[in-house]
file protein-v9.txt (compact mmCIF, C-alpha atoms)
# COMPACT_ATOMS: atom_id res chain seq x y z
CA MET N 1 -12.82 39.64 34.00
CA GLY N 2 -12.12 38.82 37.64
CA GLN N 3 -8.75 38.80 39.26
CA GLN N 4 -6.71 35.81 38.13
CA GLU N 5 -6.08 33.33 40.92
CA LYS N 6 -2.45 32.91 41.84
CA VAL N 7 -0.91 29.59 40.81
CA THR N 8 1.84 28.11 42.92
CA THR N 9 4.31 25.32 42.11
CA SER N 10 6.72 23.28 44.17
CA LEU N 11 9.49 22.40 41.73
CA ALA N 12 12.31 24.66 40.62
CA GLY N 13 12.61 25.41 36.90
CA ALA N 14 15.91 23.56 36.86
CA VAL N 15 14.04 20.25 37.30
CA SER N 16 12.19 20.70 34.03
CA GLU N 17 15.39 21.76 32.30
CA GLU N 18 17.21 18.67 33.56
CA ILE N 19 14.41 16.42 32.33
CA ASP N 20 14.47 18.14 28.93
CA ALA N 21 18.20 17.55 28.68
CA SER N 22 17.93 13.91 29.72
CA LEU N 23 15.17 13.19 27.20
CA ALA N 24 16.70 15.09 24.28
CA PRO N 25 18.21 11.89 22.80
CA VAL N 26 14.83 10.15 23.12
CA ASP N 27 13.09 13.09 21.42
CA ALA N 28 15.54 12.87 18.53
CA GLU N 29 15.10 9.11 18.32
CA LEU N 30 11.32 9.42 18.18
CA GLU N 31 11.53 11.93 15.34
CA ARG N 32 13.97 9.75 13.41
CA ARG N 33 12.36 6.35 13.86
CA TYR N 34 8.69 7.35 14.00
CA PRO N 35 8.07 10.29 11.64
CA GLY N 36 4.45 9.23 11.07
CA ASP N 37 2.64 8.54 7.82
CA PRO N 38 4.09 10.47 4.88
CA GLY N 39 0.63 11.80 4.00
CA THR N 40 0.95 10.76 0.36
CA ARG N 41 -1.55 8.65 -1.55
CA GLN N 42 -1.37 4.91 -0.91
CA PRO N 43 -2.58 2.76 -3.81
CA VAL N 44 -5.36 0.33 -2.96
CA HIS N 45 -3.58 -2.52 -4.73
CA THR N 46 -0.47 -3.65 -6.56
CA VAL N 47 -0.83 -5.46 -9.86
CA TYR N 48 1.95 -7.90 -10.78
CA VAL N 49 2.72 -8.48 -14.47
CA PRO N 50 5.52 -10.80 -15.63
CA GLY N 51 8.36 -8.92 -17.32
CA ASP N 52 7.88 -10.67 -20.66
CA ALA N 53 4.11 -9.96 -20.62
CA PHE N 54 4.39 -6.23 -19.88
CA THR N 55 3.61 -4.00 -22.87
CA ALA N 56 2.81 -0.36 -23.53
CA ASP N 57 -0.93 -1.03 -23.26
CA THR N 58 -0.94 -3.36 -20.25
CA VAL N 59 -2.75 -0.90 -17.97
CA ARG N 60 -5.46 -0.23 -20.54
CA THR N 61 -5.75 -3.91 -21.42
CA TRP N 62 -6.33 -4.83 -17.77
CA GLY N 63 -9.07 -2.21 -17.56
CA ASP N 64 -10.73 -3.41 -20.76
CA ARG N 65 -10.62 -7.04 -19.67
CA ALA N 66 -12.14 -6.12 -16.31
CA LEU N 67 -14.93 -4.19 -18.03
CA ALA N 68 -15.56 -7.12 -20.37
CA SER N 69 -15.85 -9.41 -17.35
CA LEU N 70 -18.46 -7.09 -15.87
CA ASP N 71 -20.35 -6.91 -19.16
CA GLU N 72 -20.48 -10.69 -19.35
CA HIS N 73 -21.11 -11.67 -15.75
CA ALA N 74 -22.69 -8.57 -14.10
CA PRO N 75 -23.98 -6.18 -16.76
CA ASP N 76 -25.86 -3.94 -14.32
CA ALA N 77 -25.81 -2.80 -10.71
CA ALA N 78 -28.47 -5.27 -9.58
CA SER N 79 -26.66 -8.34 -10.90
CA PHE N 80 -23.32 -7.19 -9.49
CA ALA N 81 -24.88 -6.46 -6.10
CA ALA N 82 -26.58 -9.86 -6.08
CA ALA N 83 -23.31 -11.61 -6.87
CA LEU N 84 -21.45 -9.85 -4.04
CA GLY N 85 -24.25 -9.41 -1.50
CA LEU N 86 -24.20 -5.60 -1.65
CA CYS N 87 -27.12 -3.80 -0.03
CA ASP N 88 -29.57 -1.95 -2.25
CA ASP N 89 -28.38 1.50 -1.16
CA LEU N 90 -24.82 0.76 -2.27
CA ALA N 91 -25.56 -1.16 -5.45
CA GLU N 92 -25.79 1.70 -7.95
CA PRO N 93 -23.19 4.07 -6.40
CA VAL N 94 -20.63 1.25 -6.18
CA TYR N 95 -21.30 -0.22 -9.60
CA SER N 96 -21.18 3.10 -11.42
CA ARG N 97 -17.97 4.09 -9.66
CA VAL N 98 -16.35 0.73 -10.40
CA ARG N 99 -17.07 1.11 -14.11
CA ALA N 100 -15.85 4.71 -14.10
CA LYS N 101 -12.67 3.68 -12.30
CA LEU N 102 -11.96 0.89 -14.78
CA GLU N 103 -12.36 3.35 -17.63
CA ARG N 104 -10.35 6.18 -16.05
CA GLU N 105 -7.69 4.54 -13.87
CA PRO N 106 -7.93 0.74 -13.90
CA VAL N 107 -4.58 0.15 -12.18
CA GLU N 108 -3.23 2.26 -9.32
CA ASP N 109 0.10 0.50 -8.87
CA LEU N 110 1.88 -1.85 -11.28
CA ARG N 111 4.98 -3.91 -10.68
CA VAL N 112 6.79 -5.47 -13.63
CA ASP N 113 7.87 -8.80 -12.18
CA PHE N 114 11.34 -10.30 -12.63
CA GLU N 115 10.98 -12.80 -9.79
CA ASP N 116 8.47 -15.67 -9.37
CA GLY N 117 6.23 -14.44 -12.18
CA TYR N 118 9.14 -14.26 -14.61
CA GLY N 119 11.18 -17.37 -13.94
CA PRO N 120 14.74 -18.20 -15.00
CA ARG N 121 15.72 -16.86 -18.41
CA PRO N 122 18.96 -16.41 -20.35
CA ASP N 123 20.82 -13.33 -19.11
CA THR N 124 20.60 -11.63 -22.49
CA GLU N 125 16.82 -12.01 -22.48
CA GLU N 126 16.39 -10.59 -18.97
CA ASP N 127 18.74 -7.72 -19.85
CA GLU N 128 16.59 -6.81 -22.82
CA THR N 129 13.33 -7.19 -20.88
CA ALA N 130 14.58 -4.93 -18.08
CA GLY N 131 15.68 -2.26 -20.54
CA ARG N 132 12.34 -2.49 -22.38
CA ALA N 133 10.42 -2.12 -19.10
CA ALA N 134 12.31 1.09 -18.36
CA ARG N 135 11.59 2.52 -21.81
CA LEU N 136 7.89 1.64 -21.67
CA ILE N 137 7.39 3.03 -18.17
CA ALA N 138 9.24 6.25 -19.02
CA GLN N 139 7.11 6.67 -22.12
CA ALA N 140 3.91 5.97 -20.19
CA TYR N 141 4.69 8.76 -17.71
CA ARG N 142 5.47 11.12 -20.58
CA ASP N 143 2.23 10.47 -22.47
CA GLY N 144 -0.05 10.23 -19.43
CA THR N 145 -0.95 6.53 -19.73
CA ALA N 146 1.02 5.35 -16.69
CA ALA N 147 -0.52 4.04 -13.51
CA PRO N 148 0.03 6.49 -10.64
CA TYR N 149 2.75 4.14 -9.32
CA MET N 150 4.97 1.81 -11.35
CA GLY N 151 8.22 -0.08 -10.95
CA ILE N 152 9.73 -3.55 -10.84
CA ARG N 153 10.13 -6.49 -8.49
CA MET N 154 13.70 -7.69 -8.84
CA LYS N 155 15.13 -11.02 -7.76
CA CYS N 156 16.08 -11.36 -4.12
CA MET N 157 19.42 -10.90 -2.37
CA GLU N 158 20.03 -14.61 -1.85
CA ALA N 159 23.31 -15.91 -3.30
CA PRO N 160 22.02 -17.93 -6.31
CA VAL N 161 20.19 -14.94 -7.90
CA ARG N 162 21.82 -11.94 -6.21
CA ALA N 163 24.01 -10.83 -9.11
CA ARG N 164 21.14 -11.25 -11.55
CA GLY N 165 18.80 -9.17 -9.41
CA ILE N 166 21.36 -6.39 -8.99
CA ARG N 167 22.03 -6.29 -12.73
CA THR N 168 18.32 -6.17 -13.60
CA LEU N 169 17.75 -3.29 -11.18
CA ASP N 170 20.78 -1.45 -12.55
CA ILE N 171 19.59 -1.84 -16.15
CA PHE N 172 16.08 -0.71 -15.24
CA LEU N 173 17.10 2.36 -13.23
CA THR N 174 19.78 3.34 -15.76
CA GLY N 175 17.19 3.08 -18.52
CA LEU N 176 14.87 5.43 -16.65
CA ILE N 177 17.70 7.93 -16.16
CA GLU N 178 18.58 7.79 -19.85
CA ALA N 179 14.91 8.25 -20.77
CA GLY N 180 14.62 11.48 -18.79
CA GLY N 181 14.91 10.66 -15.09
CA LEU N 182 13.22 8.70 -12.34
CA PRO N 183 9.43 9.22 -12.30
CA GLY N 184 7.78 10.45 -9.14
CA GLY N 185 5.66 7.32 -8.91
CA LEU N 186 8.61 4.91 -8.98
CA LEU N 187 8.29 1.95 -6.59
CA LEU N 188 10.68 -0.99 -6.25
CA THR N 189 10.11 -4.31 -4.49
CA LEU N 190 12.81 -6.46 -2.87
CA PRO N 191 11.38 -9.98 -2.43
CA LYS N 192 12.11 -12.89 -0.08
CA VAL N 193 13.95 -10.84 2.52
CA THR N 194 15.09 -13.03 5.40
CA TYR N 195 17.83 -11.07 7.18
CA PRO N 196 18.17 -7.33 7.88
CA GLU N 197 21.60 -7.49 6.25
CA GLN N 198 19.88 -8.09 2.91
CA VAL N 199 17.99 -4.83 3.41
CA THR N 200 21.27 -3.08 4.23
CA ALA N 201 22.73 -4.46 1.01
CA MET N 202 19.84 -2.95 -0.95
CA VAL N 203 20.47 0.40 0.74
CA ARG N 204 24.15 0.32 -0.24
CA LEU N 205 23.21 -0.60 -3.80
CA LEU N 206 20.86 2.35 -4.13
CA GLU N 207 23.36 4.69 -2.47
CA ALA N 208 25.93 3.70 -5.08
CA PHE N 209 23.47 4.31 -7.92
CA GLU N 210 22.48 7.72 -6.57
CA LYS N 211 26.12 8.73 -6.23
CA VAL N 212 26.97 7.68 -9.81
CA HIS N 213 24.08 9.72 -11.21
CA GLY N 214 24.27 12.71 -8.86
CA LEU N 215 20.86 12.06 -7.33
CA ASP N 216 19.80 13.31 -3.93
CA ALA N 217 20.72 10.90 -1.17
CA GLY N 218 17.70 8.78 -0.28
CA ARG N 219 15.90 9.54 -3.55
CA ILE N 220 15.18 5.86 -4.24
CA GLY N 221 13.10 3.88 -1.77
CA PHE N 222 11.90 0.30 -1.86
CA GLU N 223 9.34 -2.12 -0.49
CA ILE N 224 10.33 -5.13 1.61
CA GLN N 225 8.48 -8.33 0.81
CA ILE N 226 7.75 -10.51 3.82
CA GLU N 227 7.59 -14.12 2.60
CA THR N 228 9.55 -16.20 5.09
CA SER N 229 9.11 -17.12 8.74
CA GLN N 230 12.57 -15.69 9.48
CA ALA N 231 11.32 -12.28 8.36
CA ILE N 232 8.79 -12.32 11.22
CA LEU N 233 10.75 -14.03 13.97
CA ALA N 234 14.55 -14.20 14.02
CA ALA N 235 16.60 -17.05 15.41
CA ASP N 236 17.12 -15.09 18.65
CA GLY N 237 13.39 -14.57 19.12
CA THR N 238 13.30 -10.91 18.09
CA ALA N 239 10.91 -9.40 15.56
CA THR N 240 13.02 -9.39 12.38
CA VAL N 241 10.66 -7.14 10.46
CA ALA N 242 11.23 -4.26 12.88
CA ARG N 243 14.98 -4.64 12.43
CA MET N 244 14.49 -4.63 8.64
CA ILE N 245 12.72 -1.29 8.80
CA GLN N 246 15.64 0.11 10.79
CA ALA N 247 18.14 -1.43 8.36
CA ALA N 248 16.44 0.39 5.47
CA GLU N 249 17.69 3.70 6.91
CA GLY N 250 14.55 5.59 5.95
CA ARG N 251 14.24 4.10 2.46
CA ALA N 252 11.55 1.50 3.22
CA THR N 253 8.20 2.55 1.72
CA GLY N 254 6.18 -0.59 2.34
CA LEU N 255 5.99 -4.11 3.74
CA HIS N 256 4.33 -6.51 1.30
CA TYR N 257 2.99 -9.80 2.59
CA GLY N 258 3.60 -12.82 0.35
CA THR N 259 0.65 -15.11 0.99
CA PHE N 260 1.81 -18.30 -0.67
CA ASP N 261 5.55 -18.29 -0.01
CA TYR N 262 4.96 -17.46 3.66
CA SER N 263 2.24 -20.09 4.07
CA ALA N 264 4.39 -22.74 2.39
CA CYS N 265 7.33 -21.76 4.61
CA LEU N 266 5.20 -22.64 7.65
CA GLY N 267 4.00 -25.90 6.15
CA VAL N 268 0.42 -24.82 5.44
CA SER N 269 -1.06 -27.17 2.83
CA ALA N 270 -1.93 -25.66 -0.53
CA ALA N 271 -5.71 -25.85 -0.02
CA TYR N 272 -5.48 -23.59 3.05
CA GLN N 273 -2.96 -21.02 1.85
CA ALA N 274 -5.03 -17.83 2.03
CA GLY N 275 -4.98 -14.33 3.45
CA ASP N 276 -7.37 -15.22 6.26
CA HIS N 277 -5.38 -18.20 7.59
CA PRO N 278 -4.28 -17.72 11.24
CA ALA N 279 -0.64 -17.84 10.15
CA ALA N 280 -1.28 -14.97 7.75
CA ASP N 281 -3.11 -12.98 10.43
CA HIS N 282 -0.18 -13.38 12.82
CA ALA N 283 2.42 -12.32 10.25
CA LYS N 284 0.48 -9.26 9.17
CA ALA N 285 -0.23 -8.23 12.76
CA VAL N 286 3.50 -8.30 13.49
CA MET N 287 4.19 -6.32 10.31
CA GLN N 288 1.53 -3.78 11.25
CA VAL N 289 2.87 -3.18 14.75
CA ALA N 290 6.47 -2.96 13.53
CA ALA N 291 5.53 -0.43 10.86
CA ALA N 292 3.22 1.73 12.99
CA GLY N 293 4.42 5.32 13.12
CA THR N 294 7.43 4.69 10.89
CA GLY N 295 5.85 5.91 7.66
CA VAL N 296 6.14 2.40 6.18
CA ARG N 297 2.86 1.06 4.80
CA VAL N 298 1.63 -2.54 5.06
CA CYS N 299 0.28 -4.33 1.99
CA ASP N 300 -1.80 -7.50 2.15
CA GLY N 301 -1.20 -10.45 -0.18
CA SER N 302 -3.38 -11.96 -2.88
CA THR N 303 -5.78 -14.76 -3.69
CA ASN N 304 -4.90 -17.29 -6.39
CA VAL N 305 -8.54 -18.14 -7.10
CA LEU N 306 -9.16 -16.50 -10.46
CA PRO N 307 -12.58 -15.26 -11.65
CA VAL N 308 -12.65 -17.21 -14.90
CA GLY N 309 -15.00 -19.74 -16.47
CA PRO N 310 -18.82 -19.84 -16.31
CA ALA N 311 -20.78 -17.17 -14.44
CA GLU N 312 -21.32 -19.31 -11.34
CA GLN N 313 -17.57 -19.88 -11.01
CA VAL N 314 -16.75 -16.21 -11.65
CA HIS N 315 -19.28 -15.06 -9.07
CA ALA N 316 -17.84 -17.45 -6.47
CA ALA N 317 -14.32 -16.14 -7.09
CA TRP N 318 -15.62 -12.57 -6.94
CA ARG N 319 -17.31 -13.21 -3.58
CA LEU N 320 -14.11 -14.72 -2.19
CA HIS N 321 -11.96 -11.80 -3.35
CA TYR N 322 -14.51 -9.22 -2.21
CA GLY N 323 -14.74 -10.82 1.24
CA LEU N 324 -10.97 -11.06 1.68
CA THR N 325 -10.54 -7.42 0.63
CA ARG N 326 -13.25 -6.20 3.00
CA ARG N 327 -11.69 -8.26 5.80
CA ALA N 328 -8.30 -6.69 5.13
CA LEU N 329 -9.72 -3.16 5.08
CA ALA N 330 -11.39 -3.69 8.46
CA ARG N 331 -7.97 -4.70 9.79
CA ALA N 332 -6.37 -1.52 8.36
CA TYR N 333 -4.55 -3.25 5.50
CA TYR N 334 -5.45 -0.70 2.86
CA GLN N 335 -3.53 -2.26 0.00
CA GLY N 336 -3.29 -5.77 -1.47
CA TRP N 337 -2.07 -7.66 -4.51
CA ASP N 338 -4.22 -8.34 -7.57
CA MET N 339 -3.08 -11.10 -9.91
CA HIS N 340 -5.72 -11.03 -12.66
CA PRO N 341 -7.83 -8.38 -14.48
CA GLY N 342 -10.95 -10.11 -13.20
CA HIS N 343 -9.97 -9.13 -9.66
CA LEU N 344 -10.21 -5.41 -10.42
CA PRO N 345 -14.04 -5.15 -10.28
CA THR N 346 -14.17 -6.71 -6.81
CA ARG N 347 -11.11 -4.85 -5.55
CA TYR N 348 -12.78 -1.55 -6.32
CA ALA N 349 -16.24 -2.74 -5.26
CA ALA N 350 -14.88 -3.72 -1.83
CA VAL N 351 -12.91 -0.50 -1.43
CA PHE N 352 -15.75 1.75 -2.58
CA ALA N 353 -18.34 -0.02 -0.42
CA PHE N 354 -16.02 0.22 2.60
CA TYR N 355 -15.69 4.00 2.27
CA ARG N 356 -19.22 4.81 1.12
CA GLU N 357 -21.07 2.84 3.78
CA GLY N 358 -19.26 4.63 6.59
CA PHE N 359 -18.89 7.99 4.88
CA GLU N 360 -21.84 9.90 6.34
CA GLN N 361 -21.18 8.82 9.91
CA ALA N 362 -17.46 9.61 9.63
CA ALA N 363 -18.18 13.01 8.09
CA ALA N 364 -20.71 13.88 10.78
CA ARG N 365 -18.34 12.89 13.59
CA LEU N 366 -15.48 14.88 12.10
CA ALA N 367 -17.73 17.92 11.59
CA ARG N 368 -18.81 17.78 15.23
CA TYR N 369 -15.21 17.50 16.34
CA ALA N 370 -14.13 20.41 14.13
CA ASN N 371 -16.96 22.57 15.43
CA ARG N 372 -16.55 21.37 19.04
CA ALA N 373 -20.18 20.32 18.97
CA GLY N 374 -21.70 17.63 21.13
CA GLY N 375 -22.93 14.23 20.10
CA ASP N 376 -23.36 10.67 21.28
CA VAL N 377 -19.62 9.94 20.86
CA MET N 378 -16.85 11.91 22.55
CA ASP N 379 -14.08 12.02 19.96
CA GLU N 380 -10.46 12.92 20.62
CA PRO N 381 -7.61 14.11 18.38
CA ALA N 382 -6.58 10.51 17.68
CA THR N 383 -10.09 9.76 16.42
CA ALA N 384 -10.13 12.92 14.32
CA LYS N 385 -6.89 11.68 12.76
CA ALA N 386 -8.51 8.33 11.94
CA LEU N 387 -11.71 9.92 10.60
CA SER N 388 -9.90 12.36 8.33
CA GLY N 389 -7.53 9.61 7.13
CA TYR N 390 -10.55 7.49 6.27
CA LEU N 391 -12.09 10.30 4.21
CA LEU N 392 -8.80 11.09 2.46
CA ARG N 393 -8.31 7.46 1.43
CA GLY N 394 -11.84 7.43 0.08
CA LEU N 395 -11.12 10.56 -1.94
CA ASP N 396 -7.82 9.28 -3.30
CA CYS N 397 -9.23 6.06 -4.71
CA GLY N 398 -12.42 7.59 -6.14
CA ALA N 399 -14.91 6.19 -3.63
CA LEU N 400 -15.81 9.72 -2.51
CA ASP N 401 -16.00 13.13 -4.18
CA ILE N 402 -14.55 16.25 -2.60
CA GLY N 403 -17.87 18.07 -3.07
CA GLU N 404 -19.86 15.62 -0.96
CA VAL N 405 -17.14 15.47 1.68
CA ALA N 406 -17.01 19.27 1.90
CA ARG N 407 -20.79 19.49 2.07
CA LEU N 408 -21.09 17.15 5.04
CA THR N 409 -17.97 18.20 6.94
CA GLY N 410 -17.58 21.87 6.04
CA LEU N 411 -13.88 21.11 5.59
CA THR N 412 -11.47 21.46 2.69
CA ARG N 413 -8.97 18.81 1.68
CA ALA N 414 -6.26 20.90 3.33
CA ASP N 415 -8.31 20.82 6.55
CA LEU N 416 -8.59 17.04 6.33
CA GLU N 417 -4.85 16.69 5.76
CA GLY N 418 -4.21 18.85 8.81
CA TYR N 419 -6.31 16.59 11.03
CA ALA N 420 -4.79 13.46 9.48
CA SER N 421 -1.19 14.52 10.11
CA PRO N 422 -0.98 16.30 13.46
CA ARG N 423 2.36 17.34 14.89
CA ARG N 424 3.92 14.88 17.32
CA GLY N 425 2.41 15.35 20.76
CA ASP N 426 -0.83 16.91 19.51
CA LEU N 427 -2.68 13.61 19.88
CA THR N 428 -2.22 13.74 23.64
CA ALA N 429 -2.85 17.43 24.05
CA SER N 430 -6.53 16.98 24.87
CA GLY N 431 -7.05 13.27 25.20
CA SER N 432 -5.39 9.94 25.68
call {"tool": "encode", "arguments": {"input": "protein-v9.txt", "output": "structure tokens"}}
result
Amino acid sequence: MGQQEKVTTSLAGAVSEEIDASLAPVDAELERRYPGDPGTRQPVHTVYVPGDAFTADTVRTWGDRALASLDEHAPDAASFAAALGLCDDLAEPVYSRVRAKLEREPVEDLRVDFEDGYGPRPDTEEDETAGRAARLIAQAYRDGTAAPYMGIRMKCMEAPVRARGIRTLDIFLTGLIEAGGLPGGLLLTLPKVTYPEQVTAMVRLLEAFEKVHGLDAGRIGFEIQIETSQAILAADGTATVARMIQAAEGRATGLHYGTFDYSACLGVSAAYQAGDHPAADHAKAVMQVAAAGTGVRVCDGSTNVLPVGPAEQVHAAWRLHYGLTRRALARAYYQGWDMHPGHLPTRYAAVFAFYREGFEQAAARLARYANRAGGDVMDEPATAKALSGYLLRGLDCGALDIGEVARLTGLTRADLEGYASPRRGDLTASGS
């Protein structure tokens, strides 16, 4: 090696130290407010089931009904592909994986609904239903029949139903504790949030419950449902949803868009209330920007067009749901609501097609990046993060197999997780 060339600088070391000291509060704020994605699995959907309709076999029943719908209206890969417009190369891989998914894990996330889907009931009836939901969910986790994620949607924090919502949540959580403890896949949804103070109230409620039962502080998180215009834009013109995330004090796990309540709030007529309406696009874009980097995930809404009736009608509803799901995935909304078992085939078809059609290109690009090889695209750490996140999501939902990912990338799952969750600052270490 030759003699190293002398490097000279102009600034004294004290300058850098002073800057470090001045930015220390900002560094701490960045770590607190923007910890990044938690790196855990995100379900591709949330299924809502009214409290009185939820039973021990709901998950399996949804899977069986979805399979029966396929048997009746698309009994093979060719007919399913024709109904949805899938290309020939994807037809068999997608169809076989959809059927396997419906047999193995038909529901990824289930919310027992005590809000719009449940309606007003006598207090004694809702008490009993909440207690029964806790017992059934606890039993499902014990015997291995639970969805990976389960929980309830309580009533909102508005005055007319506040006490009822708090009581239902208390009964449900207490029932889980008495049945053996809170399951790891527990998810709770707070609907119709309008003011950040309502989020703060939920935080205080959960703090009190944790204290009573000796749970770790922050053990219980919750999703914030965005269903009103005031949740997007406050009276003073600020982005309310960002303030809601802050008000959750680290407990917010997701932002769920409520298609029909939000659309109605803005005066959109019923025939045009849909996930691809410009009003919906605006709301979700604001949610997405507010949540970016915070570790809070964004969930799209649902369609109310059900795949029922004759084959022509079912196929039309399937195409609508498939198209909306693909549109959401392209916009990085990786989760949405499903309201009917007949939506499961097209939810998984859209998700699996999304990951399988881009799999080989993504794997090749990530392999070149990992090996510092050339190519026709110059990728940076930020792109490696996106590519590995794409492959991990495909693995988690069943669209991809670890063997085929390893074969094309030469990487393990641990390698993928490392690229998907770089330390803060690493994304700018060798790129912009």
call {"tool": "residues_around", "arguments": {"input": "protein-v9.txt", "residues": "segment 360-374 of chain N", "least_positions_apart": "2", "cutoff": "6 Å", "atoms": "only C-alpha atoms", "output": "PyMOL selection string"}}
result
chain N and resi 358+387+408-409
call {"tool": "residues_around", "arguments": {"input": "protein-v9.txt", "residues": "Thr412 of chain N", "least_positions_apart": "3", "cutoff": "12 Å", "atoms": "all atoms listed in the file", "output": "ChimeraX atom specification"}}
result
/N:367,370,388,391-392,395,401-409,415-419
call {"tool": "write_last_selection", "arguments": {"input": "protein-v9.txt", "atoms": "C-alpha atoms", "output": "PDB file, in the frame of the given file"}}
result
ATOM      1  CA  ALA N 367     -17.730  17.920  11.590  1.00  0.00           C
ATOM      2  CA  ALA N 370     -14.130  20.410  14.130  1.00  0.00           C
ATOM      3  CA  SER N 388      -9.900  12.360   8.330  1.00  0.00           C
ATOM      4  CA  LEU N 391     -12.090  10.300   4.210  1.00  0.00           C
ATOM      5  CA  LEU N 392      -8.800  11.090   2.460  1.00  0.00           C
ATOM      6  CA  LEU N 395     -11.120  10.560  -1.940  1.00  0.00           C
ATOM      7  CA  ASP N 401     -16.000  13.130  -4.180  1.00  0.00           C
ATOM      8  CA  ILE N 402     -14.550  16.250  -2.600  1.00  0.00           C
ATOM      9  CA  GLY N 403     -17.870  18.070  -3.070  1.00  0.00           C
ATOM     10  CA  GLU N 404     -19.860  15.620  -0.960  1.00  0.00           C
ATOM     11  CA  VAL N 405     -17.140  15.470   1.680  1.00  0.00           C
ATOM     12  CA  ALA N 406     -17.010  19.270   1.900  1.00  0.00           C
ATOM     13  CA  ARG N 407     -20.790  19.490   2.070  1.00  0.00           C
ATOM     14  CA  LEU N 408     -21.090  17.150   5.040  1.00  0.00           C
ATOM     15  CA  THR N 409     -17.970  18.200   6.940  1.00  0.00           C
ATOM     16  CA  ASP N 415      -8.310  20.820   6.550  1.00  0.00           C
ATOM     17  CA  LEU N 416      -8.590  17.040   6.330  1.00  0.00           C
ATOM     18  CA  GLU N 417      -4.850  16.690   5.760  1.00  0.00           C
ATOM     19  CA  GLY N 418      -4.210  18.850   8.810  1.00  0.00           C
ATOM     20  CA  TYR N 419      -6.310  16.590  11.030  1.00  0.00           C
TER      21      TYR N 419
END
call {"tool": "residues_around", "arguments": {"input": "protein-v9.txt", "residues": "Phe80 of chain N", "least_positions_apart": "3", "cutoff": "10 Å", "atoms": "all atoms listed in the file", "output": "list in words"}}
result
Leu70, His73, Ala74, Pro75, Asp76, Ala77, Ala83, Leu84, Gly85, Leu86, Ala91, Glu92, Val94, Tyr95, His315, Trp318, Pro345, Thr346 and Ala349 of chain N
call {"tool": "residues_around", "arguments": {"input": "protein-v9.txt", "residues": "Thr194 of chain N", "least_positions_apart": "4", "cutoff": "9 Å", "atoms": "all atoms listed in the file", "output": "ChimeraX atom specification"}}
result
/N:158,198-199,226-232,234,240-241
call {"tool": "residues_around", "arguments": {"input": "protein-v9.txt", "residues": "segment 336-341 of chain N", "least_positions_apart": "4", "cutoff": "9 Å", "atoms": "all atoms listed in the file", "output": "number ranges by chain"}}
result
N: 43-49, 61-67, 69, 256-257, 298-304, 306-307, 325, 328, 345, 347
call {"tool": "write_last_selection", "arguments": {"input": "protein-v9.txt", "atoms": "C-alpha atoms", "output": "compact mmCIF listing (two decimals), keeping the file's coordinate frame"}}
result
# COMPACT_ATOMS: atom_id res chain seq x y z
CA PRO N 43 -2.58 2.76 -3.81
CA VAL N 44 -5.36 0.33 -2.96
CA HIS N 45 -3.58 -2.52 -4.73
CA THR N 46 -0.47 -3.65 -6.56
CA VAL N 47 -0.83 -5.46 -9.86
CA TYR N 48 1.95 -7.90 -10.78
CA VAL N 49 2.72 -8.48 -14.47
CA THR N 61 -5.75 -3.91 -21.42
CA TRP N 62 -6.33 -4.83 -17.77
CA GLY N 63 -9.07 -2.21 -17.56
CA ASP N 64 -10.73 -3.41 -20.76
CA ARG N 65 -10.62 -7.04 -19.67
CA ALA N 66 -12.14 -6.12 -16.31
CA LEU N 67 -14.93 -4.19 -18.03
CA SER N 69 -15.85 -9.41 -17.35
CA HIS N 256 4.33 -6.51 1.30
CA TYR N 257 2.99 -9.80 2.59
CA VAL N 298 1.63 -2.54 5.06
CA CYS N 299 0.28 -4.33 1.99
CA ASP N 300 -1.80 -7.50 2.15
CA GLY N 301 -1.20 -10.45 -0.18
CA SER N 302 -3.38 -11.96 -2.88
CA THR N 303 -5.78 -14.76 -3.69
CA ASN N 304 -4.90 -17.29 -6.39
CA LEU N 306 -9.16 -16.50 -10.46
CA PRO N 307 -12.58 -15.26 -11.65
CA THR N 325 -10.54 -7.42 0.63
CA ALA N 328 -8.30 -6.69 5.13
CA PRO N 345 -14.04 -5.15 -10.28
CA ARG N 347 -11.11 -4.85 -5.55
call {"tool": "closest_atom_pairs", "arguments": {"input": "protein-v9.txt", "of": "segment 30-63 of chain N", "to": "segment 116-132 of chain N", "cutoff": "7 Å", "atoms": "all atoms listed in the file", "output": "CSV"}}
result
residue,atom,partner,partner_atom,distance
N:Pro50,CA,N:Gly117,CA,5.1
N:Gly51,CA,N:Tyr118,CA,6.0
N:Asp52,CA,N:Thr129,CA,6.5
call {"tool": "write_last_selection", "arguments": {"input": "protein-v9.txt", "atoms": "C-alpha atoms", "output": "JSON list (two decimals), keeping the file's coordinate frame"}}
result
[["chain", "number", "residue", "atom", "x", "y", "z"],
["N", 50, "PRO", "CA", 5.52, -10.80, -15.63],
["N", 51, "GLY", "CA", 8.36, -8.92, -17.32],
["N", 52, "ASP", "CA", 7.88, -10.67, -20.66]]
call {"tool": "atom_distance", "arguments": {"input": "protein-v9.txt", "atom1": "atom CA of Leu173 of chain N", "atom2": "atom CA of Ala247 of chain N"}}
result
21.9 Å
call {"tool": "atom_distance", "arguments": {"input": "protein-v9.txt", "atom1": "atom CA of Leu188 of chain N", "atom2": "atom CA of Gly398 of chain N"}}
result
24.6 Å
call {"tool": "closest_residue", "arguments": {"input": "protein-v9.txt", "among": "N:Thr168, N:Thr253, N:Gln4, N:Thr58", "to": "Phe114 of chain N", "atoms": "all atoms listed in the file"}}
result
N:Thr168
call {"tool": "atom_distance", "arguments": {"input": "protein-v9.txt", "atom1": "atom CA of Lys284 of chain N", "atom2": "atom CA of Thr259 of chain N"}}
result
10.1 Å
